[in-house]
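Enquirer: I have a structure here, written as structure tokens, and I will follow up with some questions on it.
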Number of protein chains: 2
Amino acid sequence: MSLVVVGSVAYDAIETPHGKRDRTLGGSCTYIALSASYFTKTGIVGVVGDDFAPEDRALLEQKAVGLEGLEQVTGKTFFWSGVYSADMNDRTTLDTQLNVFADFQPKLPPAYVNRPYLFLGNIQPALQWDVQRQMPAARFVGGDTMNFWINHTRDELLKTIAQWDFLLINDSEVRLLAGESNLRKAAQKVLDMGPKALVVKRGEYGAMLFRKDTLFIAPGYLLEDIFDPTGAGDCFAGGFVGYLAERSFDLHNGNFSVDELHRAVIYGSVMGSFCCEQFGVERFRTLTRAEIDRRFDEFRRFTAF
Amino acid sequence: MSLVVVGSVAYDAIETPHGKRDRTLGGSCTYIALSASYFTKTGIVGVVGDDFAPEDRALLEQKAVGLEGLEQVTGKTFFWSGVYSADMNDRTTLDTQLNVFADFQPKLPPAYVNRPYLFLGNIQPALQWDVQRQMPAARFVGGDTMNFWINHTRDELLKTIAQWDFLLINDSEVRLLAGESNLRKAAQKVLDMGPKALVVKRGEYGAMLFRKDTLFIAPGYLLEDIFDPTGAGDCFAGGFVGYLAERSFDLHNGNFSVDELHRAVIYGSVMGSFCCEQFGVERFRTLTRAEIDRRFDEFRRFTAF
């Protein structure tokens with residue numbers, strides 16, 4: 001089955017205790033698509049400037065990520081710069097230049113309109129809504145958001161996520177969206193807003209999946225070395241939705257069993273953990289599906305009782 | 001099988017966002033013993049002042065906690081006072097009065113000498129060492145420590161934990177003891193110091209168990225209401241060692257299977273979660289073993305994939 005991912009494609013400058021990169025391929029859409037590409041045919045919808053490097057396009061092509069929806073326009077690609085704290089649990093944004101992303105209007109290539117899976121990366125909720133309307137046949141739709149949209153475009157956001165099969169955000173965003181500090185109560189409030197499932201990312205501490213009637217809690221995978229956490233949450237998203245898209249070949253037409261959803265959370269965690277092992281998207285140059293499945297099995301061994 | 005617990009018995013003054021108690025039964029030994037009492041015959045070794053209330057003694061007796069080793073002397077019982085932050089992830093100590101605990105010299109009742117299980121609560125390492133020497137027949141010995149002993153009595157501490165079957169501390173203590181910020185690397189360094197297993201408490205985020213050859217990661221149980229986290233880590237310890245003591249009846253003479261150790265971590269998490277549901281030790285007035293086993297099953301359901 002095939003997936004469409006909408007969101008930002010960017011260049012990042014990153015500094016962690018392990019080193020520094022002045023300009024490396026980034027953006028939520030990039031990470032989500034690279035991660036999902038290990039599971040399912042994935043196409044992206046985004047925009048870059050005329051500075052977008054052929055070698056970065058080549059990396060995406062090497063992973064068979066569809067680029068028909070990657071618009072290239074005059075100007076500079078979205079740029080973000082940040083530095084991580086010593087324990088890498090905090091990061092400070094040094095610079096954000098929206099550049100060509102400021103006027104991003106997602107344009108869906110005709111070939112994408114009938115795709116069954118759609119992940120709406122963290123962009124303005126009105127744009128997410130608009131893309132979803134262009135894909136009325138999509139059977140499984142979800143996405144991400146952030147504190148800025150929760151605070152400033154709440155009505156648009158609520159209208160948008162009410163239609164989603166899943167909302168995938170971090171724990172502080174769940175609390176902010178619900179206005180409730182207890183995560184379990186907050187999750188129920190968010191489910192009342194409409195999404196059929198809520199996937200909660202908790203960084204190194206793992207992830208959770210809430211539905212009205214079920215709860216799944218997964219610890220984080222414990223890495224020996226964390227080089228750079230940038231993009232880990234987006235790689236989680238790519239693994240989660242990518243795995244489900246892959247499974248749907250022989251399964252339930254988009255109505256996943258609880259077990260499938262739980263395994264998708266683990267595949268998400270696995271992809272997030274690989275992402276941290278090298279700077280930016282570097283790990284994806286060598287990562288294989290066999291390594292992914294091996295880590296999934298390891299996860300099961302580390303958590304069974 | 002039967003367990004001896006050594007540590008502090010105290011009165012606490014606690015303030016959380018849910019309310020306040022001016023004087024409530026506390027102390028690590030109290031929490032560990034109350035928790036372990038649901039699994040195995042448990043006796044405590046500690047000291048209280050002449051202000052120790054008959055109703056507090058009665059609660060321990062009601063749970064069949066052996067009090068032969070609870071010395072009562074002239075003076076005041078150890079007193080601690082603290083206040084929690086709004087999200088309860090931080091707490092500030094307002095007052096600590098060691099009182100009779102300042103001169104605590106654990107005296108083992110003769111009946112305890114041949115008991116097979118020993119948990120050494122967070123006291124001076126030299127005292128932990130001394131108690132262990134008084135119980136040469138103990139088959140399964142472990143305990144807790146804290147930053148103060150790690151920083152100020154490091155040599156004593158290293159000598160002591162080198163003899164232990166398990167060391168049970170929180171993640172920041174693991175990092176401090178190992179001088180290494182990556183938890184996975186730090187855990188290996190701590191295992192090199194001698195304890196056969198390292199159990200790491202991570203508060204609401206769960207717990208882990210490391211051995212030279214295995215790793216187990218458990219997420220935290222997600223509570224609907226957290227009234228007071230005081231004692232949760234000690235209740236974890238009581239559930240962990242209590243469950244193992246119970247199992248050893250028909251098992252391996254202290255050599256537990258990996259599966260038993262992992263289940264003990266989950267029972268620890270279950271006991272820690274119950275502790276948070278009411279102030280101080282209140283939850284133990286009504287808690288039943290059936291509730292405990294039900295939550296263990298729930299844990300399995302919430303984490304299986």
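Following the order of the structure tokens, chains are lettered A, B, ..., residues in each are numbered from 1, and ligands are numbered from 1.
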Report as number ranges by chain: the residues of stretch 140-217 of chain B with a DSSP assignment of helix (DSSP H, G or I), based on the backbone of this structure.

Expert: B: 147-152, 154-161, 171-178, 183-192, 203-205

Enquirer: Taking 6 positions as the minimum chain separation for residues in the same chain, which residues sit within 9 Å of stretch 100-114 of chain A when counting only C-alpha atoms? Answer as a PDB file with N, CA and C atoms, in the first residue's frame.

Expert:
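What ended up in around27.pdb:
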ATOM      1  N   SER A   2       0.318   2.382  -0.326  1.00  0.00           N
ATOM      2  CA  SER A   2       1.210   3.526  -0.463  1.00  0.00           C
ATOM      3  C   SER A   2       0.745   4.735   0.325  1.00  0.00           C
ATOM      4  N   LEU A   3       1.725   5.498   0.711  1.00  0.00           N
ATOM      5  CA  LEU A   3       1.584   6.561   1.700  1.00  0.00           C
ATOM      6  C   LEU A   3       1.989   7.903   1.100  1.00  0.00           C
ATOM      7  N   VAL A   4       1.241   8.943   1.475  1.00  0.00           N
ATOM      8  CA  VAL A   4       1.625  10.314   1.148  1.00  0.00           C
ATOM      9  C   VAL A   4       1.977  11.042   2.449  1.00  0.00           C
ATOM     10  N   VAL A   6       3.062  14.827   4.001  1.00  0.00           N
ATOM     11  CA  VAL A   6       3.106  16.267   3.743  1.00  0.00           C
ATOM     12  C   VAL A   6       3.832  16.959   4.881  1.00  0.00           C
ATOM     13  N   GLY A   7       4.734  17.888   4.554  1.00  0.00           N
ATOM     14  CA  GLY A   7       5.404  18.611   5.635  1.00  0.00           C
ATOM     15  C   GLY A   7       6.623  19.358   5.156  1.00  0.00           C
ATOM     16  N   SER A   8       7.517  19.639   6.072  1.00  0.00           N
ATOM     17  CA  SER A   8       8.670  20.470   5.743  1.00  0.00           C
ATOM     18  C   SER A   8       9.862  19.651   5.269  1.00  0.00           C
ATOM     19  N   VAL A   9      10.552  20.212   4.281  1.00  0.00           N
ATOM     20  CA  VAL A   9      11.861  19.699   3.872  1.00  0.00           C
ATOM     21  C   VAL A   9      12.820  20.863   4.155  1.00  0.00           C
ATOM     22  N   ALA A  10      13.909  20.578   4.824  1.00  0.00           N
ATOM     23  CA  ALA A  10      14.708  21.684   5.362  1.00  0.00           C
ATOM     24  C   ALA A  10      16.191  21.386   5.337  1.00  0.00           C
ATOM     25  N   GLY A  43       5.424   8.773  -0.926  1.00  0.00           N
ATOM     26  CA  GLY A  43       5.646   9.982  -1.726  1.00  0.00           C
ATOM     27  C   GLY A  43       5.512  11.213  -0.849  1.00  0.00           C
ATOM     28  N   VAL A  45       5.023  15.485  -0.236  1.00  0.00           N
ATOM     29  CA  VAL A  45       4.507  16.747  -0.745  1.00  0.00           C
ATOM     30  C   VAL A  45       5.151  17.850   0.088  1.00  0.00           C
ATOM     31  N   GLY A  46       5.985  18.651  -0.576  1.00  0.00           N
ATOM     32  CA  GLY A  46       6.692  19.703   0.149  1.00  0.00           C
ATOM     33  C   GLY A  46       7.247  20.723  -0.820  1.00  0.00           C
ATOM     34  N   VAL A  47       8.051  21.639  -0.278  1.00  0.00           N
ATOM     35  CA  VAL A  47       8.634  22.659  -1.140  1.00  0.00           C
ATOM     36  C   VAL A  47      10.086  22.919  -0.721  1.00  0.00           C
ATOM     37  N   VAL A  48      10.949  23.075  -1.725  1.00  0.00           N
ATOM     38  CA  VAL A  48      12.339  23.455  -1.451  1.00  0.00           C
ATOM     39  C   VAL A  48      12.730  24.629  -2.350  1.00  0.00           C
ATOM     40  N   GLY A  49      13.849  25.262  -2.007  1.00  0.00           N
ATOM     41  CA  GLY A  49      14.346  26.380  -2.813  1.00  0.00           C
ATOM     42  C   GLY A  49      15.301  25.894  -3.895  1.00  0.00           C
ATOM     43  N   GLU A  68       7.462  13.463  -6.919  1.00  0.00           N
ATOM     44  CA  GLU A  68       6.568  14.212  -7.828  1.00  0.00           C
ATOM     45  C   GLU A  68       5.948  15.415  -7.122  1.00  0.00           C
ATOM     46  N   GLY A  69       5.742  15.292  -5.805  1.00  0.00           N
ATOM     47  CA  GLY A  69       5.093  16.373  -5.055  1.00  0.00           C
ATOM     48  C   GLY A  69       6.068  17.320  -4.372  1.00  0.00           C
ATOM     49  N   LEU A  70       7.363  17.161  -4.673  1.00  0.00           N
ATOM     50  CA  LEU A  70       8.351  18.071  -4.075  1.00  0.00           C
ATOM     51  C   LEU A  70       8.591  19.235  -5.029  1.00  0.00           C
ATOM     52  N   GLU A  71       7.929  20.334  -4.743  1.00  0.00           N
ATOM     53  CA  GLU A  71       8.002  21.520  -5.583  1.00  0.00           C
ATOM     54  C   GLU A  71       9.337  22.235  -5.349  1.00  0.00           C
ATOM     55  N   VAL A  73      11.139  25.914  -5.951  1.00  0.00           N
ATOM     56  CA  VAL A  73      10.838  27.294  -6.353  1.00  0.00           C
ATOM     57  C   VAL A  73      12.052  28.185  -6.103  1.00  0.00           C
ATOM     58  N   THR A  74      11.991  29.372  -6.633  1.00  0.00           N
ATOM     59  CA  THR A  74      13.084  30.317  -6.447  1.00  0.00           C
ATOM     60  C   THR A  74      13.150  30.753  -4.986  1.00  0.00           C
ATOM     61  N   GLY A  75      14.351  30.782  -4.448  1.00  0.00           N
ATOM     62  CA  GLY A  75      14.509  31.186  -3.048  1.00  0.00           C
ATOM     63  C   GLY A  75      15.293  30.142  -2.294  1.00  0.00           C
ATOM     64  N   LYS A  76      15.298  30.285  -0.974  1.00  0.00           N
ATOM     65  CA  LYS A  76      16.076  29.369  -0.150  1.00  0.00           C
ATOM     66  C   LYS A  76      15.180  28.357   0.548  1.00  0.00           C
ATOM     67  N   THR A  77      15.731  27.180   0.775  1.00  0.00           N
ATOM     68  CA  THR A  77      15.029  26.126   1.504  1.00  0.00           C
ATOM     69  C   THR A  77      14.931  26.510   2.990  1.00  0.00           C
ATOM     70  N   PHE A  78      13.854  26.093   3.620  1.00  0.00           N
ATOM     71  CA  PHE A  78      13.631  26.251   5.068  1.00  0.00           C
ATOM     72  C   PHE A  78      14.917  25.882   5.819  1.00  0.00           C
ATOM     73  N   LEU A 127      -3.975  23.931   6.272  1.00  0.00           N
ATOM     74  CA  LEU A 127      -3.346  23.253   5.136  1.00  0.00           C
ATOM     75  C   LEU A 127      -3.522  21.735   5.253  1.00  0.00           C
ATOM     76  N   GLN A 128      -3.412  21.243   6.482  1.00  0.00           N
ATOM     77  CA  GLN A 128      -3.619  19.796   6.697  1.00  0.00           C
ATOM     78  C   GLN A 128      -5.038  19.418   6.264  1.00  0.00           C
ATOM     79  N   ASP A 130      -6.965  20.967   4.203  1.00  0.00           N
ATOM     80  CA  ASP A 130      -7.095  21.130   2.763  1.00  0.00           C
ATOM     81  C   ASP A 130      -6.550  19.906   2.011  1.00  0.00           C
ATOM     82  N   VAL A 131      -5.396  19.398   2.439  1.00  0.00           N
ATOM     83  CA  VAL A 131      -4.822  18.213   1.792  1.00  0.00           C
ATOM     84  C   VAL A 131      -5.751  17.014   1.982  1.00  0.00           C
ATOM     85  N   GLN A 134      -8.468  16.866  -0.384  1.00  0.00           N
ATOM     86  CA  GLN A 134      -8.056  16.477  -1.747  1.00  0.00           C
ATOM     87  C   GLN A 134      -7.876  14.965  -1.896  1.00  0.00           C
ATOM     88  N   MET A 135      -7.935  14.244  -0.765  1.00  0.00           N
ATOM     89  CA  MET A 135      -7.753  12.782  -0.814  1.00  0.00           C
ATOM     90  C   MET A 135      -8.940  12.080  -0.150  1.00  0.00           C
ATOM     91  N   PRO A 136     -10.121  12.225  -0.741  1.00  0.00           N
ATOM     92  CA  PRO A 136     -11.322  11.692  -0.078  1.00  0.00           C
ATOM     93  C   PRO A 136     -11.313  10.167   0.042  1.00  0.00           C
ATOM     94  N   ALA A 137     -10.475   9.507  -0.763  1.00  0.00           N
ATOM     95  CA  ALA A 137     -10.448   8.043  -0.707  1.00  0.00           C
ATOM     96  C   ALA A 137      -9.477   7.514   0.335  1.00  0.00           C
ATOM     97  N   ALA A 138      -8.733   8.407   0.980  1.00  0.00           N
ATOM     98  CA  ALA A 138      -7.743   7.955   1.961  1.00  0.00           C
ATOM     99  C   ALA A 138      -8.452   7.191   3.080  1.00  0.00           C
TER     100      ALA A 138
END

Enquirer: Pick out the residues sitting within 12 Å of A:Phe148, and hand them over as a list of chain:residue names; count only C-alpha atoms, and ignore anything fewer than 6 positions along from it in its own chain.

Expert: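 Counting only the stated atoms, we get A:Asn122, A:Ile123, A:Gln124, A:Pro125, A:Arg154, A:Leu157, A:Glu173, A:Leu176, A:Leu177.
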
Enquirer: The selected residues should be written to file as a PDB file, in the first residue's frame (atoms: N, CA and C atoms).

Expert:
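Output file selection_30.pdb is given in full below:
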ATOM      1  N   ASN A 122       3.666  18.350  10.709  1.00  0.00           N
ATOM      2  CA  ASN A 122       3.371  19.517  11.521  1.00  0.00           C
ATOM      3  C   ASN A 122       3.405  20.807  10.708  1.00  0.00           C
ATOM      4  N   ILE A 123       2.255  21.137  10.089  1.00  0.00           N
ATOM      5  CA  ILE A 123       2.101  22.415   9.373  1.00  0.00           C
ATOM      6  C   ILE A 123       0.773  23.027   9.825  1.00  0.00           C
ATOM      7  N   GLN A 124       0.470  24.201   9.313  1.00  0.00           N
ATOM      8  CA  GLN A 124      -0.768  24.904   9.657  1.00  0.00           C
ATOM      9  C   GLN A 124      -1.983  23.982   9.497  1.00  0.00           C
ATOM     10  N   PRO A 125      -2.818  23.876  10.522  1.00  0.00           N
ATOM     11  CA  PRO A 125      -3.953  22.948  10.457  1.00  0.00           C
ATOM     12  C   PRO A 125      -4.853  23.166   9.232  1.00  0.00           C
ATOM     13  N   ARG A 154      -6.450  27.165  17.381  1.00  0.00           N
ATOM     14  CA  ARG A 154      -7.103  26.051  18.064  1.00  0.00           C
ATOM     15  C   ARG A 154      -8.357  25.559  17.323  1.00  0.00           C
ATOM     16  N   LEU A 157      -7.500  23.687  14.259  1.00  0.00           N
ATOM     17  CA  LEU A 157      -6.867  22.427  14.628  1.00  0.00           C
ATOM     18  C   LEU A 157      -7.921  21.408  15.064  1.00  0.00           C
ATOM     19  N   GLU A 173       2.497  18.236  24.436  1.00  0.00           N
ATOM     20  CA  GLU A 173       1.442  18.731  23.535  1.00  0.00           C
ATOM     21  C   GLU A 173       0.072  18.150  23.912  1.00  0.00           C
ATOM     22  N   LEU A 176      -1.076  20.214  26.820  1.00  0.00           N
ATOM     23  CA  LEU A 176      -1.463  21.559  26.395  1.00  0.00           C
ATOM     24  C   LEU A 176      -2.804  21.533  25.662  1.00  0.00           C
ATOM     25  N   LEU A 177      -2.951  20.591  24.772  1.00  0.00           N
ATOM     26  CA  LEU A 177      -4.185  20.506  23.987  1.00  0.00           C
ATOM     27  C   LEU A 177      -5.388  20.234  24.892  1.00  0.00           C
TER      28      LEU A 177
END

Enquirer: Using only C-alpha atoms, find the one residue out of B:Gly82, B:Gly239, B:Pro229, B:Gly206 that sits nearest to B:Phe279.

Expert: B:Pro229

Enquirer: Could you work out which residues of chain A fall inside 6 Å of chain B? Count only C-alpha atoms, and format the result as number ranges by chain.

Expert: A: 184, 215-217, 219, 224, 259, 262-263, 302-303, 305

Enquirer: Once DSSP has gone over the backbone, tell me which residues of stretch 45-185 of chain A are in strand (DSSP E), as an MDAnalysis selection string.

Expert: chainID A and resid 45:48 66:72 78:84 91:97 117:120 140:143 166:170

Enquirer: Those residues with N, CA and C atoms, as a compact mmCIF listing (two decimals), in the first residue's frame please?

Expert:
# COMPACT_ATOMS: atom_id res chain seq x y z
N VAL A 45 5.02 15.49 -0.24
CA VAL A 45 4.51 16.75 -0.75
C VAL A 45 5.15 17.85 0.09
N GLY A 46 5.98 18.65 -0.58
CA GLY A 46 6.69 19.70 0.15
C GLY A 46 7.25 20.72 -0.82
N VAL A 47 8.05 21.64 -0.28
CA VAL A 47 8.63 22.66 -1.14
C VAL A 47 10.09 22.92 -0.72
N VAL A 48 10.95 23.08 -1.72
CA VAL A 48 12.34 23.45 -1.45
C VAL A 48 12.73 24.63 -2.35
N GLY A 66 8.98 8.97 -3.46
CA GLY A 66 8.43 9.67 -4.62
C GLY A 66 8.56 11.17 -4.46
N LEU A 67 9.13 11.83 -5.49
CA LEU A 67 9.38 13.27 -5.38
C LEU A 67 8.50 14.09 -6.32
N GLU A 68 7.46 13.46 -6.92
CA GLU A 68 6.57 14.21 -7.83
C GLU A 68 5.95 15.41 -7.12
N GLY A 69 5.74 15.29 -5.80
CA GLY A 69 5.09 16.37 -5.05
C GLY A 69 6.07 17.32 -4.37
N LEU A 70 7.36 17.16 -4.67
CA LEU A 70 8.35 18.07 -4.07
C LEU A 70 8.59 19.23 -5.03
N GLU A 71 7.93 20.33 -4.74
CA GLU A 71 8.00 21.52 -5.58
C GLU A 71 9.34 22.24 -5.35
N GLN A 72 9.96 22.69 -6.42
CA GLN A 72 11.18 23.49 -6.25
C GLN A 72 10.93 24.89 -6.78
N PHE A 78 13.85 26.09 3.62
CA PHE A 78 13.63 26.25 5.07
C PHE A 78 14.92 25.88 5.82
N PHE A 79 15.31 26.76 6.75
CA PHE A 79 16.54 26.52 7.50
C PHE A 79 16.28 26.58 9.00
N TRP A 80 16.79 25.60 9.72
CA TRP A 80 16.67 25.59 11.19
C TRP A 80 18.02 25.31 11.80
N SER A 81 18.28 25.98 12.92
CA SER A 81 19.55 25.77 13.61
C SER A 81 19.29 25.61 15.10
N GLY A 82 19.93 24.60 15.70
CA GLY A 82 19.70 24.36 17.13
C GLY A 82 20.88 23.71 17.81
N VAL A 83 20.90 23.84 19.15
CA VAL A 83 21.98 23.24 19.94
C VAL A 83 21.37 22.47 21.11
N TYR A 84 21.92 21.30 21.37
CA TYR A 84 21.40 20.42 22.43
C TYR A 84 22.17 20.59 23.73
N ARG A 91 16.78 21.26 23.95
CA ARG A 91 17.49 21.89 22.85
C ARG A 91 17.02 23.33 22.71
N THR A 92 17.93 24.16 22.24
CA THR A 92 17.64 25.57 22.06
C THR A 92 17.68 25.87 20.57
N THR A 93 16.62 26.49 20.07
CA THR A 93 16.61 26.91 18.68
C THR A 93 17.40 28.20 18.55
N LEU A 94 18.38 28.19 17.68
CA LEU A 94 19.20 29.39 17.48
C LEU A 94 18.67 30.25 16.34
N ASP A 95 18.07 29.61 15.35
CA ASP A 95 17.64 30.35 14.18
C ASP A 95 16.57 29.55 13.43
N THR A 96 15.55 30.25 12.94
CA THR A 96 14.56 29.62 12.06
C THR A 96 14.32 30.57 10.90
N GLN A 97 14.61 30.12 9.70
CA GLN A 97 14.31 30.92 8.50
C GLN A 97 13.35 30.13 7.64
N TYR A 117 -3.10 5.96 2.30
CA TYR A 117 -2.49 6.39 3.57
C TYR A 117 -1.97 7.81 3.46
N LEU A 118 -2.27 8.60 4.51
CA LEU A 118 -1.86 10.00 4.49
C LEU A 118 -1.34 10.39 5.87
N PHE A 119 -0.12 10.91 5.90
CA PHE A 119 0.40 11.48 7.14
C PHE A 119 0.63 12.97 6.94
N LEU A 120 -0.03 13.75 7.79
CA LEU A 120 0.05 15.20 7.70
C LEU A 120 1.03 15.70 8.74
N PHE A 140 -6.79 5.86 5.90
CA PHE A 140 -6.12 5.94 7.20
C PHE A 140 -5.30 7.23 7.21
N VAL A 141 -5.79 8.20 7.97
CA VAL A 141 -5.22 9.55 7.94
C VAL A 141 -4.85 9.98 9.36
N GLY A 142 -3.67 10.54 9.49
CA GLY A 142 -3.29 11.08 10.79
C GLY A 142 -2.20 12.10 10.63
N GLY A 143 -1.76 12.63 11.76
CA GLY A 143 -0.72 13.62 11.66
C GLY A 143 -0.26 14.15 13.00
N PHE A 166 -5.67 8.97 13.53
CA PHE A 166 -4.74 9.07 14.66
C PHE A 166 -4.08 10.44 14.71
N LEU A 167 -3.86 10.89 15.94
CA LEU A 167 -3.09 12.09 16.20
C LEU A 167 -1.82 11.64 16.89
N LEU A 168 -0.66 12.11 16.39
CA LEU A 168 0.62 11.64 16.91
C LEU A 168 1.42 12.85 17.39
N ILE A 169 1.47 13.06 18.72
CA ILE A 169 2.13 14.24 19.28
C ILE A 169 2.92 13.83 20.54
N ASN A 170 3.66 14.77 21.11
CA ASN A 170 4.40 14.41 22.32
C ASN A 170 3.59 14.69 23.59

Enquirer: Can you pull out every residue within 10 Å of A:Arg285, counting only C-alpha atoms, but drop anything in the same chain fewer than 6 positions away, and send it as a PyMOL selection string?

Expert: chain A and resi 34+59-60+62-63

Enquirer: Store the residues picked out above in a file with C-alpha atoms, as a short mmCIF file (atom, residue, chain, number, x, y, z; two decimals), in the first residue's frame.

Expert:
data_model
loop_
_atom_site.label_atom_id
_atom_site.label_comp_id
_atom_site.auth_asym_id
_atom_site.auth_seq_id
_atom_site.Cartn_x
_atom_site.Cartn_y
_atom_site.Cartn_z
CA LEU A 34 12.87 8.16 4.88
CA LEU A 59 19.33 10.18 -1.11
CA LEU A 60 15.54 10.36 -1.22
CA GLN A 62 17.80 6.00 -3.49
CA LYS A 63 15.16 5.14 -0.85
#

Enquirer: Contacts of A:Thr230 at 9 Å or less, counting only C-alpha atoms, minus same-chain residues fewer than 2 places along, as a short mmCIF file (atom, residue, chain, number, x, y, z; two decimals) with C-alpha atoms, in the first residue's frame?

Expert:
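Just written: part.cif:
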data_model
loop_
_atom_site.label_atom_id
_atom_site.label_comp_id
_atom_site.auth_asym_id
_atom_site.auth_seq_id
_atom_site.Cartn_x
_atom_site.Cartn_y
_atom_site.Cartn_z
CA ILE A 14 22.88 21.00 14.56
CA GLY A 26 16.32 17.77 7.59
CA ASP A 228 21.78 13.44 17.61
CA ALA A 232 13.69 10.97 16.11
CA GLY A 233 10.02 11.84 16.70
CA ASP A 234 9.41 12.12 12.96
CA CYS A 275 17.71 7.99 13.87
CA CYS A 276 19.63 9.01 17.02
CA PHE A 279 23.80 13.00 12.78
CA GLY A 280 20.73 14.16 10.87
CA VAL A 281 19.56 11.60 8.31
#

Enquirer: Interatomic distance between atom CA of B:Asn147 and atom CA of B:Ala36?

Expert: 24.7 Å

Enquirer: Can you pull out every residue within 7 Å of A:Cys235, counting only C-alpha atoms, but drop anything in the same chain fewer than 5 positions away, and send it as a compact mmCIF listing (two decimals) with N, CA and C atoms, in the first residue's frame?

Expert:
# COMPACT_ATOMS: atom_id res chain seq x y z
N TYR A 31 12.32 13.23 7.30
CA TYR A 31 12.53 12.15 8.25
C TYR A 31 11.39 11.12 8.20
N ILE A 32 10.16 11.62 8.14
CA ILE A 32 9.02 10.70 8.12
C ILE A 32 9.09 9.81 6.89
N SER A 35 11.97 7.23 6.92
CA SER A 35 11.64 6.16 7.84
C SER A 35 10.56 5.23 7.27
N GLY A 268 7.72 2.20 15.35
CA GLY A 268 8.02 3.63 15.47
C GLY A 268 9.20 3.87 16.39
N MET A 271 12.47 2.88 14.79
CA MET A 271 12.98 3.85 13.80
C MET A 271 13.51 5.11 14.47
N GLY A 272 12.84 5.56 15.53
CA GLY A 272 13.33 6.71 16.29
C GLY A 272 14.70 6.43 16.88
N CYS A 275 17.47 6.60 14.28
CA CYS A 275 17.71 7.99 13.87
C CYS A 275 18.74 8.67 14.75

Enquirer: Measuring between only C-alpha atoms, which one of B:Thr16, B:Phe52, B:Gly194, B:Asn151 shows the shortest distance to B:Gly179?

Expert: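 Closest to B:Gly179 of all the choices is B:Asn151.
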
Enquirer: What is the distance between atom CA of A:Val270 and atom CA of A:Arg294, in Å to one decimal?

Expert: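 Going from atom CA of A:Val270 over to atom CA of A:Arg294 covers 9.6 Å.
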